[in-house]
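**Q** Please see the structure below; I have some questions.
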Amino acid sequence: MKNKTKIAVLVSGGGTNLQAILDAQKSGVINHGEVVAVISSSPTAYALERAKNHGVEGFVVSKKEVGKENFEAEIIKIIEEKGAELIVLAGFMSILSESFTKKYENRILNVHPSLIPSFCGEGFYGLRVHEAALSYGVKVTGATVHYVNEIADGGKIILQKAVEIKEGDTAEILQKRVMQEAEWKILPQAVELVSKEILNMKESEVL
Ligand code: GAR
């Protein structure tokens, strides 16, 4: 089998972005990467079902069970065991520490449901992002995929896509449109882009 970048996807909820990655792998949009583990911070996340349906190993690491102080160490253990070289935050609702983000510099991607630098940073997650966009009254929003560093939503931007806000939008309607028109497209594209880059880097190191 062709060499692929091994990917761990970190999730907390429904996992529609995880689904977009798994579908893209199946359809060949993601051709240089392979999801080897799905790690959920919640035992009840539907994302775990999606992993199972796709034959990908799922893990639960919950702060409640392992304790806050062991949370990241437990995640790292799985990443290392599975040999993952790329970490994708797909609706992962915990902010990672500086020591974690430094350990995996340029190896962690996140999808955020706005056009960064608008409506981002601590406290801006999930529906709250869309509520903020609507209450500000912006006419265009979107999604961003970026590298993760020690600043919440502050790492280098990889891809962005704009989405129109329509008269009568609620946060729920807008969230769905941003997912369909932007997140589910640019996240798999970015995963493919970075997976390919990592492979190329490894190959040039061998030469
Ligand atoms: C997505 O909209 C994602 O962009 C957002 O949470 C949702 C998770 O949905 N992430 C953040 O707000 C991170 N700051 P999903 O579980 O169906 O992929």
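Scheme for the structure tokens: letters A, B, ... for chains in order shown; per-chain residue numbers from 1; ligand numbers from 1 in order shown.
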Which neighbours of segment 119-129 of chain A fall inside 8 Å, counting only C-alpha atoms, when residues of the same chain fewer than 3 positions from it are skipped, and could you give them as a PyMOL selection string?
**A** chain A and resi 91+93+112-116+132-133+151-154+171-172+175
**Q** Please write the residues from the selection above to a file, keeping all heavy atoms, as an mmCIF file, in the first residue's frame.
**A**
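Okay, this is what ended up in selection_34.cif:
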data_model
loop_
_atom_site.group_PDB
_atom_site.id
_atom_site.type_symbol
_atom_site.label_atom_id
_atom_site.label_comp_id
_atom_site.auth_asym_id
_atom_site.auth_seq_id
_atom_site.Cartn_x
_atom_site.Cartn_y
_atom_site.Cartn_z
ATOM 1 N N GLY A 91 -14.176 19.867 15.737
ATOM 2 C CA GLY A 91 -15.209 20.048 16.751
ATOM 3 C C GLY A 91 -14.722 19.561 18.105
ATOM 4 O O GLY A 91 -15.484 19.015 18.897
ATOM 5 N N MET A 93 -13.636 20.373 21.706
ATOM 6 C CA MET A 93 -14.023 21.526 22.526
ATOM 7 C C MET A 93 -13.124 21.783 23.740
ATOM 8 O O MET A 93 -13.572 22.322 24.736
ATOM 9 C CB MET A 93 -15.486 21.364 22.975
ATOM 10 C CG MET A 93 -16.466 21.407 21.816
ATOM 11 S SD MET A 93 -16.321 22.930 20.839
ATOM 12 C CE MET A 93 -17.340 22.543 19.426
ATOM 13 N N HIS A 112 -12.508 26.167 12.275
ATOM 14 C CA HIS A 112 -13.267 27.128 13.090
ATOM 15 C C HIS A 112 -14.383 27.721 12.222
ATOM 16 O O HIS A 112 -14.137 28.110 11.081
ATOM 17 C CB HIS A 112 -12.341 28.229 13.614
ATOM 18 C CG HIS A 112 -13.067 29.197 14.487
ATOM 19 N ND1 HIS A 112 -13.395 28.899 15.800
ATOM 20 C CD2 HIS A 112 -13.573 30.434 14.236
ATOM 21 C CE1 HIS A 112 -14.076 29.912 16.304
ATOM 22 N NE2 HIS A 112 -14.193 30.855 15.390
ATOM 23 N N PRO A 113 -15.602 27.837 12.786
ATOM 24 C CA PRO A 113 -16.737 28.251 11.951
ATOM 25 C C PRO A 113 -16.923 29.764 11.809
ATOM 26 O O PRO A 113 -18.033 30.277 11.975
ATOM 27 C CB PRO A 113 -17.929 27.598 12.664
ATOM 28 C CG PRO A 113 -17.545 27.588 14.090
ATOM 29 C CD PRO A 113 -16.051 27.430 14.128
ATOM 30 N N SER A 114 -15.840 30.476 11.489
ATOM 31 C CA SER A 114 -15.960 31.902 11.126
ATOM 32 C C SER A 114 -14.741 32.252 10.288
ATOM 33 O O SER A 114 -13.816 31.443 10.163
ATOM 34 C CB SER A 114 -16.010 32.804 12.363
ATOM 35 O OG SER A 114 -14.716 32.930 12.927
ATOM 36 N N LEU A 115 -14.752 33.467 9.749
ATOM 37 C CA LEU A 115 -13.575 33.943 9.019
ATOM 38 C C LEU A 115 -12.645 34.588 10.037
ATOM 39 O O LEU A 115 -12.838 35.746 10.420
ATOM 40 C CB LEU A 115 -13.994 34.946 7.932
ATOM 41 C CG LEU A 115 -14.810 34.351 6.772
ATOM 42 C CD1 LEU A 115 -15.290 35.450 5.832
ATOM 43 C CD2 LEU A 115 -14.007 33.309 6.000
ATOM 44 N N ILE A 116 -11.668 33.853 10.521
ATOM 45 C CA ILE A 116 -10.697 34.388 11.483
ATOM 46 C C ILE A 116 -10.010 35.588 10.848
ATOM 47 O O ILE A 116 -9.680 35.519 9.666
ATOM 48 C CB ILE A 116 -9.681 33.272 11.854
ATOM 49 C CG1 ILE A 116 -10.392 32.199 12.719
ATOM 50 C CG2 ILE A 116 -8.486 33.832 12.586
ATOM 51 C CD1 ILE A 116 -9.528 30.985 13.042
ATOM 52 N N ALA A 132 -22.795 35.243 17.625
ATOM 53 C CA ALA A 132 -22.008 36.487 17.642
ATOM 54 C C ALA A 132 -22.018 37.160 16.268
ATOM 55 O O ALA A 132 -22.154 38.387 16.170
ATOM 56 C CB ALA A 132 -20.582 36.195 18.091
ATOM 57 N N ALA A 133 -21.890 36.357 15.220
ATOM 58 C CA ALA A 133 -21.888 36.912 13.860
ATOM 59 C C ALA A 133 -23.236 37.566 13.564
ATOM 60 O O ALA A 133 -23.296 38.685 13.024
ATOM 61 C CB ALA A 133 -21.580 35.816 12.843
ATOM 62 N N ILE A 151 -1.917 30.189 20.918
ATOM 63 C CA ILE A 151 -2.977 31.203 20.988
ATOM 64 C C ILE A 151 -4.271 30.610 20.414
ATOM 65 O O ILE A 151 -4.255 30.081 19.291
ATOM 66 C CB ILE A 151 -2.579 32.459 20.181
ATOM 67 C CG1 ILE A 151 -1.268 33.037 20.734
ATOM 68 C CG2 ILE A 151 -3.687 33.514 20.186
ATOM 69 C CD1 ILE A 151 -0.516 33.891 19.755
ATOM 70 N N ALA A 152 -5.364 30.688 21.176
ATOM 71 C CA ALA A 152 -6.622 30.087 20.715
ATOM 72 C C ALA A 152 -7.029 30.689 19.373
ATOM 73 O O ALA A 152 -7.185 31.911 19.251
ATOM 74 C CB ALA A 152 -7.721 30.294 21.754
ATOM 75 N N ASP A 153 -7.159 29.852 18.349
ATOM 76 C CA ASP A 153 -7.522 30.246 16.980
ATOM 77 C C ASP A 153 -6.507 31.219 16.372
ATOM 78 O O ASP A 153 -6.844 31.980 15.456
ATOM 79 C CB ASP A 153 -8.933 30.858 16.917
ATOM 80 C CG ASP A 153 -10.010 29.877 17.348
ATOM 81 O OD1 ASP A 153 -9.871 28.679 17.056
ATOM 82 O OD2 ASP A 153 -10.995 30.305 17.978
ATOM 83 N N GLY A 154 -5.260 31.177 16.868
ATOM 84 C CA GLY A 154 -4.269 32.172 16.446
ATOM 85 C C GLY A 154 -3.211 31.674 15.488
ATOM 86 O O GLY A 154 -2.353 32.446 15.061
ATOM 87 N N ALA A 171 -29.042 31.160 14.414
ATOM 88 C CA ALA A 171 -27.695 30.594 14.594
ATOM 89 C C ALA A 171 -27.654 29.152 14.073
ATOM 90 O O ALA A 171 -26.666 28.740 13.455
ATOM 91 C CB ALA A 171 -27.310 30.654 16.068
ATOM 92 N N GLU A 172 -28.745 28.421 14.289
ATOM 93 C CA GLU A 172 -28.779 27.015 13.855
ATOM 94 C C GLU A 172 -28.758 26.897 12.329
ATOM 95 O O GLU A 172 -28.047 26.063 11.772
ATOM 96 C CB GLU A 172 -30.039 26.299 14.391
ATOM 97 C CG GLU A 172 -30.029 26.007 15.881
ATOM 98 C CD GLU A 172 -30.364 27.212 16.765
ATOM 99 O OE1 GLU A 172 -30.705 28.294 16.222
ATOM 100 O OE2 GLU A 172 -30.270 27.083 17.994
ATOM 101 N N GLN A 175 -25.298 27.917 11.138
ATOM 102 C CA GLN A 175 -24.304 26.879 11.443
ATOM 103 C C GLN A 175 -24.325 25.792 10.363
ATOM 104 O O GLN A 175 -23.287 25.380 9.860
ATOM 105 C CB GLN A 175 -24.599 26.251 12.808
ATOM 106 C CG GLN A 175 -23.606 25.154 13.174
ATOM 107 C CD GLN A 175 -23.923 24.501 14.509
ATOM 108 O OE1 GLN A 175 -25.056 24.088 14.760
ATOM 109 N NE2 GLN A 175 -22.943 24.422 15.369
#
**Q** Quick one: everything within 9 Å of segment 72-75 of chain A, counting only C-alpha atoms, minus sequence neighbours fewer than 3 positions away in the same chain. Send it as a ChimeraX atom specification.
**A** /A:39,61,66,68-69,78-80,96-97,100
**Q** I need the residues from that last selection saved to file as a CSV table (one decimal), in the first residue's frame (with N, CA, C and O atoms), if you can.
**A**
chain,number,residue,atom,x,y,z
A,39,ILE,N,-10.2,10.3,18.6
A,39,ILE,CA,-10.1,10.4,20.1
A,39,ILE,C,-11.2,11.4,20.5
A,39,ILE,O,-11.2,12.6,20.1
A,61,VAL,N,-11.1,9.8,25.8
A,61,VAL,CA,-10.3,10.4,26.9
A,61,VAL,C,-11.1,11.5,27.5
A,61,VAL,O,-11.2,12.6,26.9
A,66,VAL,N,-10.1,10.7,33.6
A,66,VAL,CA,-8.6,10.6,33.7
A,66,VAL,C,-8.1,11.7,34.6
A,66,VAL,O,-6.9,11.7,35.0
A,68,LYS,N,-8.0,16.2,34.9
A,68,LYS,CA,-7.5,17.3,34.1
A,68,LYS,C,-6.0,17.2,33.8
A,68,LYS,O,-5.5,17.4,32.7
A,69,GLU,N,-5.3,16.8,34.9
A,69,GLU,CA,-3.8,16.8,34.8
A,69,GLU,C,-3.3,15.7,33.9
A,69,GLU,O,-2.2,15.8,33.4
A,78,ILE,N,-2.1,7.8,23.0
A,78,ILE,CA,-2.8,7.2,21.9
A,78,ILE,C,-2.1,7.6,20.6
A,78,ILE,O,-1.9,6.8,19.7
A,79,ILE,N,-1.8,8.9,20.5
A,79,ILE,CA,-1.2,9.4,19.2
A,79,ILE,C,0.1,8.7,18.9
A,79,ILE,O,0.3,8.2,17.8
A,80,GLU,N,0.9,8.4,20.0
A,80,GLU,CA,2.1,7.8,19.8
A,80,GLU,C,1.9,6.3,19.5
A,80,GLU,O,2.6,5.7,18.6
A,96,LEU,N,-6.0,23.3,23.9
A,96,LEU,CA,-4.7,22.5,24.2
A,96,LEU,C,-3.7,23.4,24.8
A,96,LEU,O,-3.6,24.6,24.4
A,97,SER,N,-2.9,22.9,25.7
A,97,SER,CA,-1.8,23.7,26.4
A,97,SER,C,-0.7,24.0,25.4
A,97,SER,O,-0.5,23.4,24.4
A,100,PHE,N,1.6,21.1,24.7
A,100,PHE,CA,1.0,20.2,23.6
A,100,PHE,C,1.2,20.8,22.3
A,100,PHE,O,1.7,20.1,21.3
**Q** How far is it from atom 3 (C, counted along the ligand's line) of ligand 1 to atom CA of Leu199 of chain A, in Å with one decimal?
**A**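 Between atom 3 (C, counted along the ligand's line) of ligand 1 and atom CA of Leu199 of chain A the gap is 26.5 Å.
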**Q** Find the spatial neighbours of Asn110 of chain A, counting only C-alpha atoms, within a cut-off of 7 Å - ignore same-chain residues fewer than 3 positions away - and output them as a PyMOL selection string.
**A** chain A and resi 88-90+145-148
**Q** Could you dump the residues just selected with all heavy atoms as a compact mmCIF listing (two decimals), in the first residue's frame?
**A**
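Result saved to selection_12.txt:
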# COMPACT_ATOMS: atom_id res chain seq x y z
N VAL A 88 -5.95 16.34 13.81
CA VAL A 88 -6.98 17.24 13.30
C VAL A 88 -8.03 17.46 14.37
O VAL A 88 -8.62 16.49 14.87
CB VAL A 88 -7.64 16.65 12.03
CG1 VAL A 88 -8.74 17.59 11.52
CG2 VAL A 88 -6.60 16.42 10.95
N LEU A 89 -8.25 18.72 14.74
CA LEU A 89 -9.29 19.05 15.71
C LEU A 89 -10.56 19.31 14.91
O LEU A 89 -10.65 20.26 14.14
CB LEU A 89 -8.92 20.29 16.53
CG LEU A 89 -7.51 20.32 17.16
CD1 LEU A 89 -7.36 21.55 18.04
CD2 LEU A 89 -7.24 19.05 17.95
N ALA A 90 -11.54 18.41 15.06
CA ALA A 90 -12.78 18.52 14.29
C ALA A 90 -13.94 18.63 15.28
O ALA A 90 -14.54 17.63 15.65
CB ALA A 90 -12.94 17.31 13.37
N VAL A 145 -9.64 26.98 8.23
CA VAL A 145 -8.80 25.89 8.74
C VAL A 145 -7.42 26.49 8.96
O VAL A 145 -6.88 27.17 8.09
CB VAL A 145 -8.72 24.70 7.76
CG1 VAL A 145 -7.81 23.61 8.33
CG2 VAL A 145 -10.11 24.14 7.48
N HIS A 146 -6.89 26.27 10.16
CA HIS A 146 -5.60 26.87 10.51
C HIS A 146 -4.75 25.91 11.32
O HIS A 146 -5.28 24.94 11.91
CB HIS A 146 -5.85 28.17 11.30
CG HIS A 146 -6.57 27.95 12.59
ND1 HIS A 146 -5.92 27.74 13.78
CD2 HIS A 146 -7.90 27.88 12.88
CE1 HIS A 146 -6.82 27.56 14.74
NE2 HIS A 146 -8.03 27.64 14.22
N TYR A 147 -3.45 26.17 11.36
CA TYR A 147 -2.58 25.41 12.26
C TYR A 147 -2.88 25.86 13.68
O TYR A 147 -3.31 27.01 13.91
CB TYR A 147 -1.11 25.71 11.95
CG TYR A 147 -0.61 25.04 10.68
CD1 TYR A 147 -0.34 25.79 9.54
CD2 TYR A 147 -0.38 23.66 10.64
CE1 TYR A 147 0.12 25.18 8.38
CE2 TYR A 147 0.08 23.05 9.49
CZ TYR A 147 0.33 23.81 8.37
OH TYR A 147 0.79 23.20 7.24
N VAL A 148 -2.65 24.98 14.62
CA VAL A 148 -2.93 25.31 16.03
C VAL A 148 -1.62 25.63 16.74
O VAL A 148 -0.67 24.84 16.68
CB VAL A 148 -3.63 24.12 16.72
CG1 VAL A 148 -3.81 24.37 18.21
CG2 VAL A 148 -4.99 23.86 16.05
**Q** Would you mind telling me which residue in A:Asn149, A:Ser118, A:Ser135, A:Asn17 lies nearest to ligand 1 when using only C-alpha atoms and all ligand atoms?
**A** A:Asn17
**Q** A:Glu181, A:Asn106, A:Gln160, A:Val191: which is nearest Val9 of chain A, counting only C-alpha atoms?
**A**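 Smallest separation from Val9 of chain A among the options: A:Val191.
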**Q** Which residue, A:Thr170, A:Gln180, A:Ser62, A:Gln25, has the smallest gap to ligand 1 when you use only C-alpha atoms and all ligand atoms?
**A**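 Using only C-alpha atoms and all ligand atoms, ligand 1 sits closest to A:Gln180.
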**Q** Could you pull out all residues of segment 4-54 of chain A with a DSSP call of alpha helix (DSSP H) and give them as a PDB file with C-alpha atoms, in the first residue's frame?
**A**
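Below you can see selection.pdb, which holds the result:
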ATOM      1  CA  THR A  16     -19.945  15.892  10.921  1.00  0.00           C
ATOM      2  CA  ASN A  17     -16.481  17.258  10.127  1.00  0.00           C
ATOM      3  CA  LEU A  18     -14.976  13.870  10.951  1.00  0.00           C
ATOM      4  CA  GLN A  19     -17.551  12.383   8.552  1.00  0.00           C
ATOM      5  CA  ALA A  20     -16.439  14.813   5.837  1.00  0.00           C
ATOM      6  CA  ILE A  21     -12.841  13.639   6.320  1.00  0.00           C
ATOM      7  CA  LEU A  22     -13.811   9.944   6.236  1.00  0.00           C
ATOM      8  CA  ASP A  23     -15.953  10.485   3.119  1.00  0.00           C
ATOM      9  CA  ALA A  24     -13.113  12.376   1.443  1.00  0.00           C
ATOM     10  CA  GLN A  25     -10.791   9.509   2.183  1.00  0.00           C
ATOM     11  CA  LYS A  26     -13.227   7.111   0.556  1.00  0.00           C
ATOM     12  CA  SER A  27     -13.782   9.274  -2.518  1.00  0.00           C
ATOM     13  CA  ALA A  47     -18.494  10.931  16.285  1.00  0.00           C
ATOM     14  CA  LEU A  48     -17.457   7.614  17.882  1.00  0.00           C
ATOM     15  CA  GLU A  49     -20.261   5.844  15.966  1.00  0.00           C
ATOM     16  CA  ARG A  50     -19.068   7.433  12.754  1.00  0.00           C
ATOM     17  CA  ALA A  51     -15.545   6.128  13.407  1.00  0.00           C
ATOM     18  CA  LYS A  52     -16.872   2.640  14.120  1.00  0.00           C
ATOM     19  CA  ASN A  53     -19.010   2.630  10.967  1.00  0.00           C
TER      20      ASN A  53
END
**Q** Taking only C-alpha atoms into account, name the residue in A:Gly155, A:Gly33, A:Pro117, A:Pro43 that is nearest to Lys2 of chain A.
**A** A:Gly33
**Q** Can you work out the spacing between atom CA of Met179 of chain A and atom 2 (O, counted along the ligand's line) of ligand 1 in Å, to one decimal?
**A**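 Atom 2 (O, counted along the ligand's line) of ligand 1 lies 6.1 Å from atom CA of Met179 of chain A.
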**Q** For the structure I just gave you, how does DSSP split segment 39-126 of chain A - specifically, which residues are strand (DSSP E or B)? Reply as a list in words.
**A**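 Residues of segment 39-126 of chain A classed as strand (DSSP E or B): Ile39, Ser40, Gly58, Phe59, Val60, Leu86, Ile87, Val88, Leu89, Ile108, Leu109, Asn110, Val111 and His112 of chain A.
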**Q** Could you tell me which of A:Val11, A:Val56, A:Ile30, A:Glu105 comes closest to Thr44 of chain A if we count only C-alpha atoms?
**A**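 For Thr44 of chain A, the nearest of the candidates is A:Val11.
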